[in-house]
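Participant: First the structure, then my questions, so here it is.
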Amino acid sequence: MNKSNGEGYPNKPVQLIIAFTAGGSSDVQARIVEKYWKKYFNDQPLAFEYKPGAGGQVGFTEIARAVPDGYTIGGVNVPHILLQSLSPQATFCKDDFVHIAQVVNDPQLIVVNPNNPIRTLDDFIAEAKKKEGRMTVGIVGTFTAHHMALLKLQDILGVKFNAVPFQGSADQNVALLGGHIDAIIGNLNDIMRYTEQFRMLAIASENRHQWLPDVPTFQELGYSFTSDIRRGFSVPANTDPAIVQRLREGFQQICNDPEYLNEMEKIGQPAAYLSGEDFTKYCDRYYEEAKQLIDKYELNKKN
Amino acid sequence: MGMDVFQPLLQGFATALTPQNLCFGFIGCVLGTLVGVLPGIGPTSAIAMLLPLTLILDPTPAIIMLSGIYYGAMYGGSTTAILVNIPGEISSAPTALDGYAMAKKGRAGPALAISAISSFVAGTLSLVGLTFFAPTLAQLALHFGPPEYFALMLLALSVVINLSGKSLIKGLISAVAGFFVAMVGMDPITGIARFTFGSVELMSGIDFVSVIIGLFAIAEVLSTWEAQVTPVIRTKLTGLMPTKEDLRETFPAMLRSTVIGFFLGLLPGCSPGVTAFIAYDTEKRFSRVPETFGQGQIAGVAAAEGANNATTSGGFVPLLSFGIPSGPALAVLLGGFMMYGLQPGPTLFEKNAPFVWALIASMYIGNVMLIILNLPLIGLWARLVKVPYPLLAPIILISSFIGAYSVRNKMMDVWLAIAFGLIGWLMRKLEIPSVPLILTTILAGMLETSIKQTLSMGDMGIYLLFTRPISLTICILALLLTISSLYGRYKKISLPGDDEEFSSESIEYPEVFEKKSPVLVKPRRYLHAPKAVYLVREHDRSRNVAKCGSLRMRQAGEQVQR
């Protein structure tokens with residue numbers, strides 16, 4: 001084995017840890033990667049191992065604590081791993097991971113029920129001001145990407161919301177469909193199923209998304225607000241840099257394969273490649289921002 | 001909707017009846033029955049394991065097969081519940097109450113047959129509901145917001161009273177313990193770790209599978225071992241098939257449980273486990289002889305098994321109409337849809353009509369396959385109880401450990417199952433029923449989530465429940481059911497002729513003791529017992545018999561009753 005320079009890597013099957021259940025979005029995406037993995041990695045299989053639980057924390061912890069020989073890689077979600085490392089019950093820190101690549105960028109949107117008279121973001125802001133903090137906005141969990149987005153949005157729009165946390169995006173969507181809450185913060189991937197039942201007010205990405213060309217960005221409407229969930233692949237810290245390099249190159253090839261991109265569109269996941277270095281920079285930025293937000297709202301206090 | 005359903009449905013049948021689709025449907029049903037039978041391995045993990053493998057297939061046969069696993073498991077789950085008091089799935093926990101009692105009386109065959117027939121009737125009838133009203137019903141389910149779910153959970157909690165056995169206090173202790181078990185892990189909303197003692201594994205909570213394997217399988221083996229009695233094996237099997245009377249008695253139960261299972265199944269989060277318990281409780285209320293429930297009342301078996309099957313069809317309504325999975329198994333199935341680029345939602349019925357109707361048609365066919373598959377197996381299964389317990393026990397234990405391990409591939413779950421086995425054994429000794437614990441463990445998550453959401457929905461706090469018509473109605477219903485259950489208990493306790501030790505029962509002790517075990521000295525207390533029918537619950541029996549004297553007597557007593 002040429003452990004020193006990464007040559008010949010991989011020469012045996014590589015284990016892939018998925019921190020969510022089989023059939024979940026992370027798994028569905030990783031299965032597409034698997035289809036092309038062999039092509040770019042010496043024809044070696046990718047062996048999936050599911051370690052679900054605690055919002056991904058169980059599996060992420062496994063990745064962080066795995067033997068750093070390059071034969072265990074993991075699917076990671078951002079900001080999940082960053083927020084979990086900031087929480088009082090952290091079981092890993094953000095530097096326990098070395099990122100290979102970002103593969104998905106799933107932007108968040110503000111969505112209302114179409115029966116609601118709210119038609120634009122301005123209507124939404126006006127309504128929120130009128131309701132004086134009683135406007136109910138569904139989010140997924142607390143101390144999550146959704147929660148951070150809501151807090152940021154309060155600051156940026158200058159309003160206050162009444163956050164109603166749900167266990168998952170499905171529950172949140174049902175509650176909005178039934179009109180039990182006024183609005184939700186949802187991810188593109190989850191919303192795409194309901195484009196006809198929902199009214200999307202604004203998308204928190206830098207540019208409009210090709211799947212929803214009529215939905216304006218916050219930027220266009222005069223608010224500098226972006227928020228998203230990203231999926232990537234990582235190895236534990238202390239993995240041989242040569243192997244990391246080899247993985248980064250291979251993933252770059254996979255992510256630019258036209259057939260791969262085609263399949264990603266079919267499963268409804270917004271493919272967005274970022275190199276391991278750029279992904280790491282993004283994570284560091286988000287981490288600092290989240291830390292400030294958490295301190296400001298004193299979310300880290302155990303009460 | 002209406003007549004225009006027939007055309008696409010017929011086309012669906014045409015697609016589903018092609019050899020390839022039939023074949024994969026059959027594989028799904030067989031696998032489903034199998035994972036249903038095995039405690040620990042459930043449809044969720046089976047679908048998850050097979051999902052990647054099915055990607056080489058076309059979407060239609062693949063989804064047909066995976067769905068077959070889901071509803072097939074409901075057929076299989078009752079088998080071990082009836083034969084060895086170990087539910088193969090959590091949704092068959094209420095089946096064990098009467099099914100096992102029937103098996104001990106030598107009526108394992110009819111119990112198995114009724115559970116298959118009830119599964120078939122309810123499964124098929126609820127498919128009719130799915131076929132004709134899916135989009136309309138899905139709309140109906142949307143009226144349920146967090147307050148309505150909370151009210152519904154309160155209603156389900158009222159079932160605890162009827163599952164408590166003789167002592168309400170002990171039933172409540174068990175129920176509270178269930179909440180505590182469910183509390184371990186992360187708060188479902190805030191993600192704050194509770195009672196995890198710094199363990200990452202415990203952060204994802206205690207899995208149902210460990211609880212159910214421990215309380216049922218391991219505890220059963222421990223108790224049997226300790227009592228030194230070989231429970232079922234000396235029983236004569238009295239006929240494999242149910243009598244006409246059985247069928248007549250259970251038919252209304254099948255219909256009622258179909259309605260309950262299907263309509264509650266429309267609500268995301270109402271798992272087959274929850275609806276089976278509610279249907280069981282409802283049947284007990286409708287029954288003219290409620291005291292026979294838990295003693296081998298065949299209607300109880302029919303109700304639980306009918307409801308869990310009806311719930312599986314019900315669950316397909318929100319899945320197909322909105323892409324909302326009502327439970328973990330359907331969530332994995334939804335992943336399968338996504339992998340094939342099938343976006344569930346109203347557009348699925350338009351864009352992928354042939355696929356949807358083939359899937360629905362395949363479920364009708366699958367139910368027929370399952371009953372044909374299950375009825376002839378009954379003879380075989382029923383003979384399983386003849387296997388000597390010293391041989392059966394290790395098999396039960398090994399499959400329990402494998403089942404617990406397979407949940408997350410963690411030894412932790414095996415240790416937890418063993419711990420629950422000891423707890424279950426202790427509970428049996430203390431005569432604390434374990435079923436309320438199981439029920440509250442299932443309900444706790446949604447109860448907690450829905451109340452927190454209700455409270456965060458406005459300034460009204462908990463009063464919000466009473467300002468919304470649906471939640472108010474359910475709350476009133478829950479209150480009425482609670483009062484009627486409590487009144488029922490009160491009435492039963494003060495029944496004339498009952499002494500403090502017994503309620504009423506179908507076994508007349510004096511006679512039985514004289515006839516079957518002449519060596520025994522007639523205990524004085526039985527001599528004075530009124531001629532009225534006694535109800536002695538499972539755990540009371542051993543105690544009362546034990547009171548009578550030596551172990552030998554106790555063994556004889558066990559034998560007589562079984």
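Convention: chains lettered A, B, ... in structure tokens order; per-chain residue numbering from 1; ligands numbered from 1 as shown.
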Quick check: residues of chain B within 6 Å of chain A, only C-alpha atoms, returned as a list of chain:residue names.

Facilitator: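 Therefore, the residues near the partner are B:Ala48, B:Leu142, B:His143, B:Gly145, B:Ile189, B:Thr190, B:Met203, B:Ser204, B:Ile324, B:Val332, B:Gly335, B:Met338, B:Met339, B:Gly341, B:Gln453, B:Ser456.
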
Participant: Stretch 35-47 of chain A: which residues within 8 Å, counting only C-alpha atoms, same-chain residues fewer than 2 positions away excluded, as a ChimeraX atom specification?

Facilitator: /A:8-16,31-33,49,250,253-254,260

Participant: Near stretch 222-229 of chain A, counting only C-alpha atoms, which residues have an atom at most 7 Å away, once you skip same-chain residues fewer than 5 positions from it, shown as a short mmCIF file (atom, residue, chain, number, x, y, z; two decimals) with N, CA and C atoms, in the first residue's frame?

Facilitator:
data_model
loop_
_atom_site.label_atom_id
_atom_site.label_comp_id
_atom_site.auth_asym_id
_atom_site.auth_seq_id
_atom_site.Cartn_x
_atom_site.Cartn_y
_atom_site.Cartn_z
N VAL A 78 -23.93 20.78 6.12
CA VAL A 78 -23.60 22.08 6.69
C VAL A 78 -24.86 22.93 6.58
N PRO A 79 -25.27 23.59 7.63
CA PRO A 79 -24.52 23.89 8.84
C PRO A 79 -24.67 22.86 9.98
N ASN A 105 -26.01 22.52 -2.90
CA ASN A 105 -26.34 23.73 -2.18
C ASN A 105 -27.84 23.91 -2.32
N ASP A 106 -28.54 23.70 -1.21
CA ASP A 106 -29.99 23.71 -1.22
C ASP A 106 -30.47 24.99 -0.54
N PRO A 107 -30.80 26.02 -1.31
CA PRO A 107 -31.15 27.31 -0.69
C PRO A 107 -32.50 27.28 0.01
N GLN A 108 -32.67 28.23 0.93
CA GLN A 108 -33.92 28.29 1.67
C GLN A 108 -34.83 29.38 1.12
N ALA A 145 -30.21 25.01 10.88
CA ALA A 145 -30.09 25.98 9.80
C ALA A 145 -31.35 26.85 9.71
N ALA A 149 -31.54 30.83 10.25
CA ALA A 149 -32.08 31.66 9.17
C ALA A 149 -33.17 32.58 9.71
N ILE A 156 -32.46 41.22 9.78
CA ILE A 156 -32.35 41.90 8.50
C ILE A 156 -33.64 42.62 8.12
N ALA A 204 -33.34 32.63 -0.68
CA ALA A 204 -32.17 33.16 0.01
C ALA A 204 -30.87 32.71 -0.65
N SER A 205 -30.81 32.82 -1.98
CA SER A 205 -29.56 32.48 -2.66
C SER A 205 -29.04 33.72 -3.39
N GLU A 206 -27.84 33.63 -3.91
CA GLU A 206 -27.27 34.82 -4.53
C GLU A 206 -27.95 35.14 -5.86
#

Participant: For the strand (DSSP E) assignment from backbone DSSP, which residues of stretch 22-196 of chain A qualify? Please present them as a PyMOL selection string.

Facilitator: chain A and resi 46-50+72-78+97-112+136-140+162-166+183-187

Participant: Among stretch 85-311 of chain B, which ones does DSSP assign to alpha helix (DSSP H) (computed from the backbone)? Answer as number ranges by chain.

Facilitator: B: 93-104, 108-141, 146-157, 159-163, 168-183, 200-203, 208-212, 219-227, 244-265, 272-286, 298-311

Participant: Just want the 9 Å neighbourhood of B:Pro43, counted on only C-alpha atoms, with same-chain residues fewer than 4 positions away dropped. Output as a ChimeraX atom specification.

Facilitator: /B:31-32,35-36,47-48,66,69-74,89,329

Participant: Which value, in Å to one decimal, gives the distance between atom CA of B:Val435 and atom CA of B:Pro39?

Facilitator: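 Distance between the two atoms: 16.4 Å.
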
Participant: In terms of the shortest atom-to-atom distance over only C-alpha atoms, which of A:Val244, A:Ala64, A:Leu150, A:Ile118 is closest to A:Asp95?

Facilitator: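 So, comparing all the options, the nearest one is A:Ala64.
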
Participant: Excluding B:Ser434 and residues on its chain fewer than 4 positions from it, collect all residues at most 12 Å away from it, counting only C-alpha atoms, and give them as a count of residues only.

Facilitator: 40

Participant: Compile the contact shell of B:Val5 as a PDB file with N, CA and C atoms, in the first residue's frame: residues with an atom at most 12 Å away, counting only C-alpha atoms, same-chain residues fewer than 2 positions apart removed.

Facilitator:
ATOM      1  N   MET B   1     -63.919  13.205  -8.613  1.00  0.00           N
ATOM      2  CA  MET B   1     -63.722  11.751  -8.482  1.00  0.00           C
ATOM      3  C   MET B   1     -65.017  11.003  -8.785  1.00  0.00           C
ATOM      4  N   GLY B   2     -64.909   9.746  -8.862  1.00  0.00           N
ATOM      5  CA  GLY B   2     -66.104   8.945  -9.092  1.00  0.00           C
ATOM      6  C   GLY B   2     -65.823   7.858 -10.100  1.00  0.00           C
ATOM      7  N   MET B   3     -66.671   7.806 -11.105  1.00  0.00           N
ATOM      8  CA  MET B   3     -66.567   6.716 -12.075  1.00  0.00           C
ATOM      9  C   MET B   3     -65.264   6.756 -12.866  1.00  0.00           C
ATOM     10  N   GLN B   7     -61.501   3.375 -15.121  1.00  0.00           N
ATOM     11  CA  GLN B   7     -60.662   3.220 -16.311  1.00  0.00           C
ATOM     12  C   GLN B   7     -59.175   3.109 -15.937  1.00  0.00           C
ATOM     13  N   PRO B   8     -58.628   4.121 -15.244  1.00  0.00           N
ATOM     14  CA  PRO B   8     -57.211   4.004 -14.888  1.00  0.00           C
ATOM     15  C   PRO B   8     -56.925   2.833 -13.958  1.00  0.00           C
ATOM     16  N   LEU B   9     -57.880   2.510 -13.087  1.00  0.00           N
ATOM     17  CA  LEU B   9     -57.645   1.396 -12.170  1.00  0.00           C
ATOM     18  C   LEU B   9     -57.519   0.082 -12.949  1.00  0.00           C
ATOM     19  N   LEU B  10     -58.386  -0.085 -13.941  1.00  0.00           N
ATOM     20  CA  LEU B  10     -58.309  -1.300 -14.754  1.00  0.00           C
ATOM     21  C   LEU B  10     -56.970  -1.361 -15.481  1.00  0.00           C
ATOM     22  N   GLN B  11     -56.557  -0.216 -15.999  1.00  0.00           N
ATOM     23  CA  GLN B  11     -55.243  -0.181 -16.641  1.00  0.00           C
ATOM     24  C   GLN B  11     -54.148  -0.516 -15.647  1.00  0.00           C
ATOM     25  N   GLY B  12     -54.341  -0.026 -14.426  1.00  0.00           N
ATOM     26  CA  GLY B  12     -53.387  -0.335 -13.363  1.00  0.00           C
ATOM     27  C   GLY B  12     -53.303  -1.834 -13.133  1.00  0.00           C
ATOM     28  N   VAL B 128     -60.101   0.300  -1.077  1.00  0.00           N
ATOM     29  CA  VAL B 128     -61.215   0.916  -1.800  1.00  0.00           C
ATOM     30  C   VAL B 128     -61.272   2.398  -1.441  1.00  0.00           C
ATOM     31  N   GLY B 129     -61.096   2.683  -0.163  1.00  0.00           N
ATOM     32  CA  GLY B 129     -61.049   4.082   0.272  1.00  0.00           C
ATOM     33  C   GLY B 129     -59.930   4.837  -0.417  1.00  0.00           C
ATOM     34  N   LEU B 130     -58.774   4.215  -0.475  1.00  0.00           N
ATOM     35  CA  LEU B 130     -57.620   4.850  -1.125  1.00  0.00           C
ATOM     36  C   LEU B 130     -57.909   5.084  -2.606  1.00  0.00           C
ATOM     37  N   THR B 131     -58.521   4.110  -3.261  1.00  0.00           N
ATOM     38  CA  THR B 131     -58.780   4.202  -4.688  1.00  0.00           C
ATOM     39  C   THR B 131     -59.712   5.364  -5.025  1.00  0.00           C
ATOM     40  N   PHE B 132     -60.795   5.470  -4.267  1.00  0.00           N
ATOM     41  CA  PHE B 132     -61.837   6.402  -4.677  1.00  0.00           C
ATOM     42  C   PHE B 132     -61.685   7.796  -4.084  1.00  0.00           C
ATOM     43  N   PHE B 133     -61.085   7.879  -2.919  1.00  0.00           N
ATOM     44  CA  PHE B 133     -61.152   9.168  -2.233  1.00  0.00           C
ATOM     45  C   PHE B 133     -59.793   9.772  -1.889  1.00  0.00           C
ATOM     46  N   ALA B 134     -58.713   9.211  -2.430  1.00  0.00           N
ATOM     47  CA  ALA B 134     -57.396   9.677  -1.980  1.00  0.00           C
ATOM     48  C   ALA B 134     -57.265  11.200  -1.935  1.00  0.00           C
ATOM     49  N   PRO B 135     -57.486  11.911  -3.043  1.00  0.00           N
ATOM     50  CA  PRO B 135     -57.248  13.357  -2.982  1.00  0.00           C
ATOM     51  C   PRO B 135     -58.172  14.076  -2.001  1.00  0.00           C
ATOM     52  N   PHE B 349     -50.517  12.008  -9.603  1.00  0.00           N
ATOM     53  CA  PHE B 349     -51.703  11.365 -10.173  1.00  0.00           C
ATOM     54  C   PHE B 349     -51.886  11.759 -11.634  1.00  0.00           C
ATOM     55  N   ALA B 353     -49.705   8.809 -13.799  1.00  0.00           N
ATOM     56  CA  ALA B 353     -50.923   8.050 -13.531  1.00  0.00           C
ATOM     57  C   ALA B 353     -50.742   6.536 -13.693  1.00  0.00           C
ATOM     58  N   VAL B 356     -49.005   5.186 -10.569  1.00  0.00           N
ATOM     59  CA  VAL B 356     -49.802   5.247  -9.344  1.00  0.00           C
ATOM     60  C   VAL B 356     -50.873   4.158  -9.334  1.00  0.00           C
ATOM     61  N   TRP B 357     -51.577   4.015 -10.474  1.00  0.00           N
ATOM     62  CA  TRP B 357     -52.675   3.058 -10.501  1.00  0.00           C
ATOM     63  C   TRP B 357     -52.164   1.624 -10.504  1.00  0.00           C
ATOM     64  N   ILE B 360     -51.499   0.961  -6.852  1.00  0.00           N
ATOM     65  CA  ILE B 360     -52.727   0.719  -6.088  1.00  0.00           C
ATOM     66  C   ILE B 360     -53.294  -0.664  -6.441  1.00  0.00           C
ATOM     67  N   ALA B 361     -53.330  -0.971  -7.748  1.00  0.00           N
ATOM     68  CA  ALA B 361     -53.845  -2.280  -8.171  1.00  0.00           C
ATOM     69  C   ALA B 361     -53.004  -3.399  -7.562  1.00  0.00           C
TER      70      ALA B 361
END
